[in-house]
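Quick notes on the structure that follows.
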Amino acid sequence: MTDAAHDDPGGWVERRPEQRGTAAGAAGPLVIAGLLALIWVGYVAPIAHFDVDVFLRAGAAVADGRDPYPPPGTPEVYSGFAFVYPYLVSLPFVPLSALPGASELFIALSVVALLAACRLAGAGRWTFALVLTASCTITGLQMGTLNALLFCGLVALWRLRDVPVAAGVLTAVLVYSKLFLVPVALWLALTRRPRATVVALVTLAALFGVGEIYSPVAAHTYADMLSVLAREEAPDGLSLTGLLMNVGLGLGAATWGARAAAGLLLAGCLWRARGRSRAGGDGLLFAGVVAAALVASPIVWSHYLLLLVAPLLAITRGGPGHPAAPGDPDLPLALFTGGSWLLVTPHLSTPIDLLVAAVVLGPLVALPLVRTARRRREGRPADPDQAAEPGHVAGSGHVAEPAVAAPAVAVPESPVPGLAASEPVAAPRMAMTALRAVLVAALVGGVGAVCWIAARARGEDARVVGAYGALVGTLALLAWAVGASRDRGAAQPGPAGPLGPVSPRRRRVRWPVPMPATGALRTRTGRVHPQ
């Protein structure tokens, strides 16, 4: 199999392996260029890039020796046009603010960061197309946010997690840039990476210390600004804090309720990671800390959801020493991309824009679904990489011995197409799965109805729909991560899990007791005399 075919599993069209690499290599860049042009012309160019404009004004203010922050205690703090980030975040925008077309240049850098993240994750062009066309990605490009860079940083952290200095410094930069990512630093400790944890804490303390020295705003004043910002913006966003405020709770109760929910999610992931190998535990806890960060954050906008793609790629693509999850690696991302458009559409989307988006997204999202269904129907692996030719272990770069074909066993035909008669256990399993899905759907719908009724009594029913949808989507991704990161394959001797070595259960060994010979002499206690 060629490198292009392995890099782009499934290709742009489903063809024979020897044709797939050529077709993907020729059509891939053209399709990506077309998507970029469509997104730029239809969504990004017609809108003012508010977030990056804020960063550029802050960079220009720092370059001129002025205060980049708004006056504390004024409505300008929550106007949406004020710089409310830690002071050192403005420094990279000091040289950028002096360049012509700085906003467009930053957006171009964001696109490059998206591509770099996909390449770091070992993904191909189809994955990049799905990431690029997600609604949260497009919204982030429209506003010129930091989320594309943060997404790239999270993927890079996953790749460098076993390099202590690089992982620690990168974690500190991520947390300092977006304070709600504090649980990411906790991930290093939970996965027993003490050196990286120490480096992260020391670097983070240095960043805050230098910022406190040079910032014109004291730390307590900056904290008050964030509290005011949360009170004013949380109800309009997609955070759990805003959802609880819209159903009647105050800011304090809603904030601590969201933090408690995030803590429970992280504790659940930690409990499920017990006894798993390091490969499974790392991915599950990585998804857990990113999800917990979003659940606990008082302010969540739709473009924040792009960060959830980082653990999704980490689990589906694996990495050095960490096997990828089974199945088509693009299937979970395709569901995420489609669901992002159902949750929220990009800013100022017209009916024509939505129609064009549906025409473009249809094939992108449908192909992984069709490919998975067809491979299951044909009895082939759902992951195209698993169908590598003999002698090649997909995704590992190693050569293995060809598998010995198992003897063919005659299976009686079944009246149901695609279901063998020797699989009667499949029907009860499908019934239980369907029942479980119905119960989950009823629970989700019931809780959503209660939240909507409570918010409607206060006239805030329109605000809770998006926030509840974002919460359900985050929980669904976390539930998928629990199953996808489950250990598979033959057990290796002495695996080391994220919480320490995993010891297999000991079994009592019953040694064979020699039977005495017939007529052997015995003592009064019944013991046999040695012969």
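Here's how to read the names in the structure tokens: chain A, B, ... by the order shown, residue numbers from 1 in each chain, ligand numbers from 1 in the order shown.
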
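Omitting segment 305-314 of chain A and its sequence neighbours fewer than 2 positions away, and counting only C-alpha atoms, the residues within 6 Å are Cys136, Phe151, Val155, Ala287, Ser302, His303, Thr316, Arg317 and Gly318 of chain A.
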
Helix (DSSP H, G or I) residues, from DSSP on the backbone, in segment 22-99 of chain A, as a ChimeraX atom specification: /A:22-44,50-63,75-78,87-90,93-96

Can you check which parts of segment 197-314 of chain A lie within 12 Å of segment 91-100 of chain A? Per residue, the shortest pair of atoms and distance in Å to one decimal, counting only C-alpha atoms, sorted by chain and number, as JSON lines.
```
{"residue": "A:Gly211", "atom": "CA", "partner": "A:Leu91", "partner_atom": "CA", "distance": 10.7}
{"residue": "A:Tyr214", "atom": "CA", "partner": "A:Leu91", "partner_atom": "CA", "distance": 11.4}
{"residue": "A:Ser215", "atom": "CA", "partner": "A:Leu91", "partner_atom": "CA", "distance": 11.4}
```

Residues within 9 Å of Leu369 of chain A, only C-alpha atoms, excluding chain neighbours under 3 positions, as a PyMOL selection string: chain A and resi 328+330-331+334-335+365-366+372-374

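Closest approach to Trp341 of chain A among A:Ala479, A:Cys269, A:Ala117, A:Leu354 is made by A:Leu354 (distances from only C-alpha atoms).
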